[in-house]
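Reproduced below: target_24.cif, with mmCIF, C-alpha atoms.
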```cif
data_entry
#
loop_
_atom_site.label_atom_id
_atom_site.label_comp_id
_atom_site.auth_asym_id
_atom_site.auth_seq_id
_atom_site.Cartn_x
_atom_site.Cartn_y
_atom_site.Cartn_z
CA MET U 18 -117.01 68.59 162.67
CA THR U 19 -113.32 68.26 161.80
CA THR U 20 -112.32 66.38 158.67
CA VAL U 21 -108.81 65.39 157.66
CA PHE U 22 -107.67 64.77 154.10
CA PRO U 23 -105.84 61.43 153.82
CA PRO U 24 -102.05 61.76 153.95
CA VAL U 25 -100.16 61.60 150.67
CA ALA U 26 -97.12 59.34 150.98
CA ARG U 27 -93.77 61.09 150.42
CA ALA U 28 -95.42 63.97 148.57
CA THR U 29 -96.23 65.84 151.76
CA ARG U 30 -93.27 64.67 153.89
CA ARG U 31 -95.33 64.17 157.06
CA MET U 32 -97.17 67.47 156.53
CA THR U 33 -100.15 67.70 158.89
CA LEU U 34 -103.38 68.59 157.15
CA PHE U 35 -106.47 69.81 158.91
CA LEU U 36 -109.80 71.36 158.03
CA ALA U 37 -111.27 74.17 160.15
CA ALA U 38 -114.78 75.47 159.56
CA LEU U 39 -115.13 79.19 158.87
CA ALA U 40 -118.14 81.49 158.45
CA LEU U 41 -120.54 81.86 155.54
CA LEU U 42 -119.10 79.45 153.02
CA GLY U 43 -118.09 76.79 155.52
CA LEU U 44 -114.50 77.41 154.48
CA VAL U 45 -111.96 74.84 155.62
CA SER U 46 -108.21 75.32 155.38
CA LEU U 47 -105.27 72.93 155.25
CA ALA U 48 -102.00 73.53 157.05
CA ARG U 49 -99.07 74.42 154.84
CA PRO U 50 -95.49 73.19 155.13
CA ALA U 51 -93.00 75.32 157.00
CA HIS U 52 -90.81 75.80 153.92
CA ALA U 53 -92.14 75.85 150.37
CA ASP U 54 -89.93 75.40 147.33
CA LEU U 55 -92.20 77.46 145.10
CA THR U 56 -92.44 81.12 146.11
CA LEU U 57 -92.61 84.47 144.36
CA ASP U 58 -91.23 87.67 145.90
CA ILE U 59 -93.53 90.45 144.67
CA THR U 60 -91.84 93.17 146.71
CA ARG U 61 -88.83 93.44 144.42
CA GLY U 62 -88.88 94.66 140.84
CA ASN U 63 -91.20 93.14 138.26
CA PRO U 64 -91.26 89.36 138.82
CA GLN U 65 -91.85 86.96 135.94
CA PRO U 66 -95.26 85.25 136.03
CA ILE U 67 -95.25 81.68 137.34
CA PRO U 68 -96.52 79.09 134.80
CA ILE U 69 -99.47 77.35 136.47
CA ALA U 70 -101.74 74.55 135.25
CA ILE U 71 -105.39 74.78 136.29
CA PRO U 72 -107.35 71.83 134.84
CA SER U 73 -111.13 71.75 135.15
CA PHE U 74 -112.23 70.58 138.58
CA GLN U 75 -113.53 67.02 138.28
CA GLY U 76 -117.07 65.98 139.23
CA ASP U 77 -119.11 62.81 139.68
CA ASN U 78 -121.63 63.71 136.95
CA PRO U 79 -121.93 66.06 133.94
CA ALA U 80 -123.53 68.84 136.01
CA ASP U 81 -120.69 68.73 138.53
CA GLY U 82 -118.20 68.63 135.68
CA GLN U 83 -119.56 71.86 134.15
CA LEU U 84 -119.53 73.54 137.55
CA GLY U 85 -115.93 72.39 138.02
CA ALA U 86 -114.94 73.87 134.67
CA ASP U 87 -116.60 77.18 135.59
CA ILE U 88 -114.84 77.36 138.95
CA ALA U 89 -111.45 76.57 137.39
CA GLY U 90 -112.10 79.36 134.86
CA VAL U 91 -112.64 81.90 137.64
CA VAL U 92 -109.43 80.78 139.38
CA SER U 93 -107.47 81.02 136.14
CA ASN U 94 -108.82 84.46 135.23
CA ASP U 95 -108.16 85.88 138.70
CA LEU U 96 -104.58 84.68 138.80
CA GLU U 97 -103.84 85.76 135.22
CA ARG U 98 -105.18 89.27 135.85
CA SER U 99 -102.83 89.65 138.81
CA GLY U 100 -99.91 89.56 136.35
CA LEU U 101 -98.06 87.13 138.64
CA PHE U 102 -99.29 83.87 137.12
CA ARG U 103 -99.41 82.53 133.57
CA PRO U 104 -102.11 79.87 133.24
CA ILE U 105 -101.07 77.20 130.72
CA ASP U 106 -103.36 76.41 127.80
CA PRO U 107 -105.30 73.19 128.66
CA ALA U 108 -104.55 71.92 125.14
CA ALA U 109 -100.96 71.39 126.30
CA PHE U 110 -101.90 69.10 129.19
CA ILE U 111 -100.45 65.58 128.94
CA GLN U 112 -102.05 63.86 131.92
CA ASP U 113 -105.83 63.48 131.83
CA PRO U 114 -107.28 65.71 134.61
CA ALA U 115 -109.54 62.81 135.62
CA ALA U 116 -106.43 60.82 136.60
CA LEU U 117 -104.83 63.43 138.88
CA ARG U 118 -105.83 61.80 142.16
CA PRO U 119 -104.32 60.88 144.50
CA ILE U 120 -100.92 62.07 143.22
CA PRO U 121 -100.27 63.74 139.84
CA ARG U 122 -97.61 62.45 137.48
CA PHE U 123 -95.27 65.36 138.07
CA ALA U 124 -93.04 64.51 135.12
CA ASP U 125 -95.96 65.16 132.74
CA TRP U 126 -96.50 68.62 134.18
CA LYS U 127 -92.82 69.52 134.26
CA LEU U 128 -92.63 68.69 130.56
CA ILE U 129 -95.02 71.57 129.81
CA ASN U 130 -93.15 73.85 132.26
CA ALA U 131 -95.98 73.97 134.82
CA GLN U 132 -94.25 75.04 138.02
CA ALA U 133 -97.53 74.85 139.93
CA LEU U 134 -100.56 72.59 139.47
CA VAL U 135 -104.08 73.03 140.83
CA VAL U 136 -106.16 69.86 141.26
CA GLY U 137 -109.83 70.29 142.21
CA ASN U 138 -112.97 68.25 142.69
CA VAL U 139 -116.68 69.13 142.89
CA SER U 140 -119.51 67.01 144.28
CA ALA U 141 -123.14 67.54 145.23
CA ARG U 142 -124.04 66.57 148.80
CA PRO U 143 -127.32 65.02 149.99
CA ASP U 144 -128.13 68.14 152.07
CA GLY U 145 -128.19 70.31 148.93
CA GLN U 146 -124.76 71.80 149.54
CA THR U 147 -121.94 71.59 147.03
CA HIS U 148 -118.54 70.36 148.19
CA VAL U 149 -115.51 71.88 146.46
CA GLU U 150 -111.92 71.07 147.32
CA PHE U 151 -108.56 71.75 145.74
CA ARG U 152 -104.88 71.02 146.22
CA LEU U 153 -101.97 73.18 145.05
CA TRP U 154 -98.87 71.22 144.03
CA ASP U 155 -95.26 72.27 143.49
CA THR U 156 -94.42 70.07 140.49
CA THR U 157 -90.65 70.46 140.80
CA ALA U 158 -90.50 69.37 144.45
CA GLY U 159 -93.45 66.99 144.15
CA LYS U 160 -95.04 68.57 147.22
CA MET U 161 -98.52 69.68 148.06
CA LEU U 162 -98.33 73.30 149.18
CA THR U 163 -101.85 73.86 150.42
CA GLY U 164 -105.43 72.73 150.05
CA VAL U 165 -108.86 74.04 150.93
CA ALA U 166 -112.38 72.62 150.98
CA TYR U 167 -115.69 74.50 150.95
CA ASN U 168 -119.34 73.55 151.46
CA SER U 169 -121.95 75.98 150.15
CA PRO U 170 -124.88 76.16 147.74
CA ALA U 171 -123.80 75.87 144.11
CA VAL U 172 -125.06 79.42 143.47
CA ASN U 173 -121.86 80.61 145.19
CA TRP U 174 -119.66 79.02 142.56
CA ARG U 175 -117.93 82.25 141.62
CA ARG U 176 -116.96 82.83 145.24
CA PHE U 177 -115.55 79.30 145.35
CA GLY U 178 -113.22 80.35 142.53
CA HIS U 179 -112.27 83.69 144.09
CA LYS U 180 -111.50 82.14 147.46
CA ILE U 181 -109.37 79.42 145.89
CA ALA U 182 -107.47 82.04 143.88
CA ASP U 183 -106.88 83.98 147.11
CA GLN U 184 -105.44 80.87 148.76
CA ILE U 185 -103.10 80.20 145.84
CA TYR U 186 -101.98 83.84 145.63
CA GLN U 187 -101.25 83.96 149.35
CA ARG U 188 -99.46 80.61 149.44
CA ILE U 189 -97.05 81.46 146.63
CA THR U 190 -96.51 85.20 147.18
CA GLY U 191 -96.78 85.37 150.97
CA GLU U 192 -99.16 88.33 150.56
CA GLY U 193 -102.89 88.38 151.23
CA GLY U 194 -105.22 87.79 148.29
CA TYR U 195 -107.79 90.26 147.03
CA PHE U 196 -110.05 88.33 144.65
CA ASP U 197 -113.04 87.62 146.94
CA THR U 198 -113.98 91.30 147.05
CA ARG U 199 -116.43 93.74 145.51
CA ILE U 200 -116.21 97.17 143.91
CA VAL U 201 -118.74 99.94 144.37
CA TYR U 202 -118.54 102.67 141.73
CA ILE U 203 -120.48 105.30 139.78
CA SER U 204 -122.16 103.97 136.64
CA GLU U 205 -122.43 106.76 134.07
CA SER U 206 -124.67 107.09 131.01
CA GLY U 207 -126.09 109.79 128.76
CA PRO U 208 -124.51 112.81 127.03
CA ASN U 209 -121.67 114.64 128.73
CA LEU U 210 -123.75 117.67 129.64
CA ARG U 211 -126.65 115.60 131.04
CA ARG U 212 -124.83 112.72 132.66
CA ILE U 213 -126.88 110.19 134.66
CA LYS U 214 -124.89 108.78 137.56
CA ARG U 215 -125.99 105.76 139.60
CA LEU U 216 -124.42 103.77 142.40
CA ALA U 217 -123.40 100.32 141.16
CA ILE U 218 -121.68 97.30 142.63
CA MET U 219 -119.87 94.29 141.16
CA ASP U 220 -117.29 91.61 141.94
CA GLN U 221 -113.69 92.78 141.54
CA ASP U 222 -113.50 91.00 138.16
CA GLY U 223 -116.59 92.81 136.80
CA ALA U 224 -119.08 89.95 137.32
CA ASN U 225 -122.42 90.21 139.18
CA ASN U 226 -122.76 93.84 138.16
CA HIS U 227 -125.96 95.60 139.26
CA LEU U 228 -127.25 99.08 140.10
CA LEU U 229 -128.05 100.30 143.62
CA THR U 230 -129.77 103.62 142.81
CA ASN U 231 -132.20 104.67 140.08
CA GLY U 232 -130.37 107.71 138.72
CA HIS U 233 -133.02 110.26 139.71
CA SER U 234 -130.41 112.04 141.87
CA LEU U 235 -126.72 112.68 141.24
CA VAL U 236 -124.46 110.48 143.37
CA LEU U 237 -120.68 110.73 143.86
CA THR U 238 -117.68 109.32 145.80
CA PRO U 239 -118.95 106.01 147.22
CA ARG U 240 -116.74 104.39 149.86
CA PHE U 241 -116.93 100.97 151.54
CA SER U 242 -117.03 100.43 155.28
CA PRO U 243 -114.00 98.44 156.45
CA THR U 244 -116.12 96.37 158.84
CA ARG U 245 -119.69 96.13 157.49
CA GLN U 246 -121.54 95.80 154.20
CA GLU U 247 -122.22 99.52 154.12
CA ILE U 248 -121.36 102.34 151.75
CA THR U 249 -121.05 106.03 152.44
CA TYR U 250 -121.52 108.37 149.48
CA LEU U 251 -122.47 111.88 148.41
CA SER U 252 -125.94 112.53 146.99
CA TYR U 253 -127.88 115.52 145.66
CA ALA U 254 -131.20 113.81 146.50
CA GLN U 255 -132.36 116.79 148.54
CA GLY U 256 -130.96 119.46 146.22
CA THR U 257 -127.80 120.07 148.26
CA PRO U 258 -124.87 117.63 148.58
CA ARG U 259 -125.41 115.42 151.62
CA VAL U 260 -123.56 112.41 153.00
CA PHE U 261 -125.63 109.21 152.99
CA LEU U 262 -125.15 105.73 154.42
CA PHE U 263 -126.36 102.76 152.35
CA ASP U 264 -126.76 99.23 153.76
CA ILE U 265 -126.03 96.78 150.92
CA LEU U 266 -127.79 93.85 152.59
CA THR U 267 -131.06 95.62 153.50
CA GLY U 268 -131.11 98.45 150.94
CA GLN U 269 -131.71 100.93 153.76
CA ASN U 270 -130.52 104.46 153.00
CA GLU U 271 -130.14 107.28 155.53
CA SER U 272 -128.76 110.80 155.58
CA LEU U 273 -126.04 111.45 158.13
CA GLY U 274 -127.18 114.97 158.87
CA ASP U 275 -128.52 118.25 157.60
CA PHE U 276 -125.54 120.59 157.72
CA PRO U 277 -125.62 124.33 156.88
CA GLY U 278 -123.04 123.98 154.09
CA MET U 279 -122.25 121.40 151.43
CA THR U 280 -120.63 118.15 152.51
CA PHE U 281 -117.97 116.37 150.45
CA ALA U 282 -115.69 113.34 150.22
CA PRO U 283 -116.98 111.05 153.00
CA ARG U 284 -114.85 108.10 154.17
CA PHE U 285 -115.18 105.63 157.00
CA ALA U 286 -112.91 105.46 160.04
CA PRO U 287 -110.83 102.24 160.17
CA ASP U 288 -113.11 100.72 162.82
CA GLY U 289 -116.25 101.55 160.82
CA ALA U 290 -117.72 103.41 163.80
CA GLY U 291 -117.45 106.87 162.28
CA VAL U 292 -116.97 108.85 159.09
CA ILE U 293 -114.74 111.74 158.13
CA PHE U 294 -115.72 114.36 155.54
CA SER U 295 -115.30 117.99 154.55
CA LEU U 296 -117.93 120.69 154.95
CA SER U 297 -117.99 123.99 153.07
CA ASN U 298 -117.50 127.09 155.20
CA GLY U 299 -117.75 130.38 153.32
CA GLY U 300 -115.10 130.29 150.63
CA GLY U 301 -113.29 127.32 152.09
CA SER U 302 -113.98 123.92 153.60
CA GLU U 303 -113.00 122.24 156.85
CA ILE U 304 -112.67 118.61 157.91
CA PHE U 305 -115.15 117.03 160.32
CA THR U 306 -115.71 113.63 161.89
CA MET U 307 -118.99 112.01 162.93
CA ASP U 308 -119.66 109.17 165.36
CA LEU U 309 -122.23 106.95 163.60
CA SER U 310 -123.83 105.75 166.85
CA THR U 311 -124.41 109.20 168.37
CA HIS U 312 -124.17 111.42 165.24
CA HIS U 313 -121.88 113.69 167.27
CA VAL U 314 -119.86 115.92 164.92
CA ASN U 315 -116.35 117.19 165.66
CA GLN U 316 -114.46 119.80 163.61
CA ILE U 317 -110.82 118.82 162.96
CA THR U 318 -109.39 121.72 160.92
CA GLN U 319 -109.98 125.46 161.31
CA THR U 320 -108.01 127.45 158.75
CA GLY U 321 -110.39 129.07 156.28
CA ALA U 322 -108.56 127.26 153.47
CA ILE U 323 -109.97 124.46 151.29
CA ASP U 324 -109.25 121.30 153.29
CA THR U 325 -110.85 118.21 151.72
CA SER U 326 -110.47 114.52 150.73
CA PRO U 327 -109.53 113.29 154.22
CA CYS U 328 -108.49 109.68 154.74
CA TYR U 329 -107.43 107.86 157.92
CA SER U 330 -104.32 105.74 158.29
CA PRO U 331 -105.18 102.06 158.89
CA ASP U 332 -104.44 102.36 162.62
CA GLY U 333 -106.62 105.47 162.92
CA LYS U 334 -103.81 107.57 164.38
CA TYR U 335 -103.32 109.91 161.41
CA ILE U 336 -105.25 111.63 158.63
CA THR U 337 -104.04 112.61 155.19
CA PHE U 338 -105.88 115.26 153.16
CA ASN U 339 -105.34 117.85 150.44
CA SER U 340 -105.41 121.59 151.03
CA ASP U 341 -104.57 124.89 149.36
CA ARG U 342 -103.52 126.45 152.68
CA GLY U 343 -99.99 126.92 151.30
CA GLY U 344 -101.16 128.61 148.10
CA THR U 345 -101.37 125.51 145.88
CA GLN U 346 -103.22 122.23 146.24
CA GLN U 347 -100.91 119.86 148.16
CA LEU U 348 -101.07 116.81 150.42
CA TYR U 349 -100.85 117.05 154.19
CA ARG U 350 -100.75 114.69 157.16
CA MET U 351 -101.95 115.36 160.70
CA ASN U 352 -102.77 113.54 163.91
CA ALA U 353 -106.32 112.20 164.18
CA ASP U 354 -107.25 115.09 166.51
CA GLY U 355 -106.10 117.70 163.95
CA SER U 356 -102.77 118.51 165.58
CA ASN U 357 -99.26 118.46 164.12
CA ILE U 358 -100.19 119.28 160.50
CA GLN U 359 -97.33 118.65 158.06
CA ARG U 360 -97.10 119.06 154.31
CA ILE U 361 -95.90 115.85 152.61
CA SER U 362 -96.04 116.61 148.84
CA PHE U 363 -93.28 118.74 147.31
CA GLY U 364 -93.12 117.71 143.66
CA THR U 365 -94.13 119.80 140.67
CA GLY U 366 -97.86 120.23 140.17
CA ARG U 367 -101.03 119.90 142.24
CA TYR U 368 -101.96 116.88 144.37
CA ALA U 369 -105.38 115.51 145.32
CA THR U 370 -107.42 112.51 146.58
CA PRO U 371 -104.86 110.95 148.95
CA VAL U 372 -105.75 107.40 150.06
CA TRP U 373 -103.82 105.49 152.69
CA SER U 374 -102.82 101.91 151.85
CA PRO U 375 -104.39 99.18 154.03
CA ARG U 376 -100.81 98.19 154.89
CA GLY U 377 -100.03 101.71 156.12
CA ASP U 378 -96.82 101.93 154.10
CA LEU U 379 -97.96 104.11 151.19
CA ILE U 380 -100.37 106.88 150.26
CA ALA U 381 -101.85 106.87 146.75
CA PHE U 382 -102.76 110.18 145.12
CA THR U 383 -103.82 111.98 141.97
CA LYS U 384 -101.44 114.56 140.49
CA PHE U 385 -101.99 117.27 137.89
CA VAL U 386 -99.06 118.77 135.96
CA GLY U 387 -99.21 120.73 132.70
CA GLY U 388 -102.59 119.45 131.55
CA ASN U 389 -101.80 115.82 132.38
CA PHE U 390 -103.07 113.66 135.25
CA SER U 391 -101.18 110.91 137.03
CA ILE U 392 -101.78 108.27 139.69
CA GLY U 393 -98.86 107.79 142.05
CA VAL U 394 -97.78 106.61 145.50
CA MET U 395 -95.51 108.01 148.20
CA ALA U 396 -94.48 107.09 151.72
CA PRO U 397 -96.54 108.66 154.55
CA ASP U 398 -93.76 111.22 155.10
CA GLY U 399 -93.81 112.18 151.41
CA SER U 400 -90.61 110.39 150.43
CA GLY U 401 -90.23 107.94 147.56
CA GLU U 402 -92.85 109.44 145.24
CA ARG U 403 -93.48 107.18 142.21
CA ILE U 404 -95.87 107.66 139.30
CA LEU U 405 -97.66 104.46 138.25
CA THR U 406 -99.74 105.70 135.31
CA ASN U 407 -100.82 108.91 133.62
CA GLY U 408 -103.15 110.21 130.93
CA TYR U 409 -105.61 112.87 129.84
CA LEU U 410 -107.62 112.25 133.03
CA VAL U 411 -106.81 109.51 135.54
CA GLU U 412 -108.27 109.91 138.99
CA GLY U 413 -109.84 108.32 142.05
CA PRO U 414 -107.35 105.68 143.28
CA THR U 415 -108.63 102.98 145.65
CA TRP U 416 -106.64 100.17 147.25
CA ALA U 417 -107.20 96.42 147.15
CA PRO U 418 -107.27 95.02 150.70
CA ASN U 419 -103.74 93.59 150.35
CA GLY U 420 -102.23 97.01 149.55
CA ARG U 421 -100.54 95.70 146.38
CA VAL U 422 -103.06 96.71 143.71
CA LEU U 423 -104.93 99.93 142.94
CA MET U 424 -108.06 100.65 140.92
CA PHE U 425 -108.85 104.04 139.37
CA PHE U 426 -110.82 105.54 136.50
CA ARG U 427 -109.51 106.82 133.19
CA GLN U 428 -111.34 109.29 130.96
CA THR U 429 -110.45 109.70 127.29
CA THR U 430 -110.70 112.92 125.31
CA ASP U 431 -113.87 113.83 123.42
CA ASP U 432 -114.38 115.89 120.28
CA ASN U 433 -115.37 119.55 120.08
CA GLY U 434 -119.04 118.57 120.28
CA GLY U 435 -118.60 116.73 123.53
CA ARG U 436 -118.85 113.30 121.89
CA GLY U 437 -116.58 110.29 121.76
CA GLY U 438 -115.05 110.32 125.24
CA SER U 439 -115.34 107.39 127.62
CA THR U 440 -114.73 106.83 131.31
CA ARG U 441 -113.58 103.36 132.34
CA LEU U 442 -112.15 101.55 135.35
CA TYR U 443 -108.61 100.15 135.45
CA SER U 444 -106.47 98.22 137.91
CA ILE U 445 -102.71 98.50 138.27
CA ASP U 446 -100.15 96.92 140.59
CA LEU U 447 -97.40 98.73 142.44
CA THR U 448 -94.85 97.98 139.73
CA GLY U 449 -96.93 100.02 137.28
CA ALA U 450 -96.39 97.25 134.72
CA ASN U 451 -99.72 95.41 135.02
CA GLU U 452 -102.50 97.81 134.04
CA ARG U 453 -105.82 96.17 133.10
CA GLU U 454 -109.25 97.48 132.19
CA VAL U 455 -112.07 96.28 134.45
CA ILE U 456 -115.04 95.72 132.15
CA THR U 457 -118.32 97.43 133.10
CA ARG U 458 -121.62 97.64 131.23
CA GLN U 459 -121.51 101.43 130.96
CA ASP U 460 -119.00 104.16 131.63
CA ALA U 461 -117.70 104.00 135.19
CA SER U 462 -115.88 106.25 137.66
CA ASP U 463 -115.08 106.69 141.36
CA PRO U 464 -114.34 103.05 142.28
CA ALA U 465 -114.04 101.92 145.90
CA TRP U 466 -112.64 98.51 146.84
CA SER U 467 -114.30 96.45 149.59
CA PRO U 468 -112.42 94.51 152.25
CA LEU U 469 -112.29 90.73 151.80
CA LEU U 470 -115.75 89.24 152.08
CA GLN U 471 -116.54 86.96 155.00
#
```
Would you kindly transcribe this structure into structure tokens?
Amino acid sequence: MTTVFPPVARATRRMTLFLAALALLGLVSLARPAHADLTLDITRGNPQPIPIAIPSFQGDNPADGQLGADIAGVVSNDLERSGLFRPIDPAAFIQDPAALRPIPRFADWKLINAQALVVGNVSARPDGQTHVEFRLWDTTAGKMLTGVAYNSPAVNWRRFGHKIADQIYQRITGEGGYFDTRIVYISESGPNLRRIKRLAIMDQDGANNHLLTNGHSLVLTPRFSPTRQEITYLSYAQGTPRVFLFDILTGQNESLGDFPGMTFAPRFAPDGAGVIFSLSNGGGSEIFTMDLSTHHVNQITQTGAIDTSPCYSPDGKYITFNSDRGGTQQLYRMNADGSNIQRISFGTGRYATPVWSPRGDLIAFTKFVGGNFSIGVMAPDGSGERILTNGYLVEGPTWAPNGRVLMFFRQTTDDNGGRGGSTRLYSIDLTGANEREVITRQDASDPAWSPLLQ
């Protein structure tokens, strides 16, 4: 069924609004005007955050009102953490949020320097679903920029907030959002010499955190499928490192093969139909691919060197990896069939863990120089290298699905007795100016960012 929000006189200037049902959450989206007055170019320099007012979403009863406040809180936190928005303290609001419909008093919001205003409503439906809708207003132009409505059980309230934040982010920046996503990572506990490592998963903001494995076996390097709710990871469950596939929805876990050597660093192909990994071979390691439907294995490199940490380009045409074939650990790029291998890193130090951006325009990496680690990015040909952050140990970059934000883990130093150090997750944008800790219950490492949820 198609529903249309009533037109708003003059405020929308004949803007056509429509609602189109989407999967899972019953998402419905409103058309946006061809030209918006309020935009933010995040591709140049370090833009100033946009002041935005996000009052509690209004409801028909106290229960709806609390749910509306919770959803608005998720939206506010997501946008603030991006570093591109500055939510205004609700204590400064002049107009009562209950009086925002149908059209806000824009003068009241301009007085507190709110360049953008989010107006939302929550209501329980007779069928047990919860209806949530919002409108994003440009207060200076007095225009509605976009609006979205959702129908879903109230238990999905956090996803309501994440999806709304994604819509606002995309409408103002022109870039895809990344808030309705999850992170799989390694949860660490215990003393340094007897570390217990478990697979764990959480929302990108650290909520809904829970463990996927029991810690009886060491697990490493989890990676999300780009197309399904699956994870590939490395496990010592059978005494030797093996690549496993874990289905998040069913909990099913399967080994991808019993190879003669040790397998390392598995990642999915862009279409989710295969994986790429390295396999030890004598004193070195080579890169292999596997078709997940047939389990056919194909060897890509044959040098006798240590070739590892392979990662496909988003279009599947190329592979980046690190290798010591030239005498030191450097980054390389090759065609997907293993041909035309070219070195792309030429700076001082050693390079590792290359990860191609979902946009295809950059490769993130870890770099080690003089006892110090760094996270940086470079173009696929190796040009334009930039360091985003550094420290005693920073490692394991993973991209948000919009290619504008990275997550990694940072380890602090410990004392001579092996005590006092910590390992935590952080996010950082491509400017390097917005670095934030992602709170986890225990120490955490090896993050991997999911695609946007459906």
Counting all atoms listed in the file, what is within 9 Å of U:Ile111, bar same-chain residues fewer than 6 positions away, as a ChimeraX atom specification?
/U:125-126,128-129
Would you work out the distance separating atom CA of U:Ala461 from atom CA of U:Gly274, expressed in Å to one decimal?
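Taking atom CA of U:Ala461 as the start and atom CA of U:Gly274 as the end point, the length is 27.8 Å.
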Go through U:Pro239, U:Gly301, U:Pro121, U:Pro66 one by one, measure the shortest atom-to-atom distance of each to U:Ile218 using all atoms listed in the file, and give the residue with the smallest value.
U:Pro239
List the residues selected by the PyMOL selection byres ((chain U and resi 58) around 12) in the file shown, writing them as a PyMOL selection string.
chain U and resi 55-57+59-67+101+186-192
Prev. selection, C-alpha atoms, output as a PDB file, keeping the file's coordinate frame:
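result30.pdb, written as the output of this step:
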```pdb
ATOM      1  CA  LEU U  55     -92.200  77.460 145.100  1.00  0.00           C
ATOM      2  CA  THR U  56     -92.440  81.120 146.110  1.00  0.00           C
ATOM      3  CA  LEU U  57     -92.610  84.470 144.360  1.00  0.00           C
ATOM      4  CA  ILE U  59     -93.530  90.450 144.670  1.00  0.00           C
ATOM      5  CA  THR U  60     -91.840  93.170 146.710  1.00  0.00           C
ATOM      6  CA  ARG U  61     -88.830  93.440 144.420  1.00  0.00           C
ATOM      7  CA  GLY U  62     -88.880  94.660 140.840  1.00  0.00           C
ATOM      8  CA  ASN U  63     -91.200  93.140 138.260  1.00  0.00           C
ATOM      9  CA  PRO U  64     -91.260  89.360 138.820  1.00  0.00           C
ATOM     10  CA  GLN U  65     -91.850  86.960 135.940  1.00  0.00           C
ATOM     11  CA  PRO U  66     -95.260  85.250 136.030  1.00  0.00           C
ATOM     12  CA  ILE U  67     -95.250  81.680 137.340  1.00  0.00           C
ATOM     13  CA  LEU U 101     -98.060  87.130 138.640  1.00  0.00           C
ATOM     14  CA  TYR U 186    -101.980  83.840 145.630  1.00  0.00           C
ATOM     15  CA  GLN U 187    -101.250  83.960 149.350  1.00  0.00           C
ATOM     16  CA  ARG U 188     -99.460  80.610 149.440  1.00  0.00           C
ATOM     17  CA  ILE U 189     -97.050  81.460 146.630  1.00  0.00           C
ATOM     18  CA  THR U 190     -96.510  85.200 147.180  1.00  0.00           C
ATOM     19  CA  GLY U 191     -96.780  85.370 150.970  1.00  0.00           C
ATOM     20  CA  GLU U 192     -99.160  88.330 150.560  1.00  0.00           C
TER      21      GLU U 192
END
```
With only C-alpha atoms as the counted atoms, please give the residues lying no more than 12 Å from U:Arg245, apart from itself and same-chain residues fewer than 4 positions off, as a PyMOL selection string.
chain U and resi 240-241+249+262-266+285-291+467-471
What would the selection look like, as number ranges by chain, if the PyMOL selection byres ((chain U and resi 428) around 12) were run on the coordinates I just shared?
U: 205, 209, 389-391, 407-413, 425-427, 429-431, 437-443, 460-463
To one decimal in Å, tell me the separation between atom CA of U:Gly366 and atom CA of U:Thr383.
10.3 Å
Check what the PyMOL selection byres ((chain U and resi 135-143) around 6) selects in the file above and give those residues as a VMD selection string.
chain U and resid 71 74 to 76 81 85 134 144 to 153
Using Å and a single decimal, report how far atom CA of U:Arg367 sits from atom CA of U:Tyr202.
24.6 Å
Using all atoms of stretch 303-315 of chain U that appear in the file, construct an axis-aligned enclosing box with 3 Å of padding on every side and provide its centre coordinates and edge lengths in Å, rounded to one decimal, as AutoDock Vina command-line options.
```
--center_x -118.5 --center_y 114.0 --center_z 162.6 --size_x 17.7 --size_y 22.5 --size_z 17.5
```
Every residue with an atom at most 8 Å from (-95.5, 72.5, 136.1) (file coordinates; all atoms listed in the file) is what I'm after, so could you write them as a list in words?
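Output: Pro68, Ile69, Ala70, Phe123, Trp126, Lys127, Leu128, Ile129, Asn130, Ala131, Gln132, Ala133, Leu134, Asp155, Thr156 and Thr157 of chain U.
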Would you kindly return, as a list of chain:residue names, each protein, DNA or RNA residue with an atom no farther than 6 Å from any atom of U:Ile293, considering only C-alpha atoms and excluding same-chain residues fewer than 6 positions away?
U:Pro283, U:Arg284, U:Phe305, U:Thr306
Which of U:Asp446, U:Asp95, U:Asp341, U:Asp106 sits closest to U:Ile181 [using only C-alpha atoms]
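Of the candidates, the smallest distance to U:Ile181 is held by U:Asp95.
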List as a list in words the protein and nucleic acid residues near U:Val372, meaning an atom at most 8 Å away when all atoms listed in the file are counted, but skip any in the same chain fewer than 6 places from it.
Cys328, Thr337, Ile380, Ala381, Phe382, Pro414, Thr415 and Trp416 of chain U
Neighbouring residues of U:Arg453 were defined as those with any atom within 8 Å, considering all atoms listed in the file; residues of the same chain fewer than 5 positions away were excluded. Please report them as a PyMOL selection string.
chain U and resi 98+443-445
Pick from U:Met395, U:Val260, U:Ala465, U:Leu296, whichever lies nearest to U:Pro418 using only C-alpha atoms:
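Looking only at the distances to U:Pro418, the closest residue turns out to be U:Ala465.
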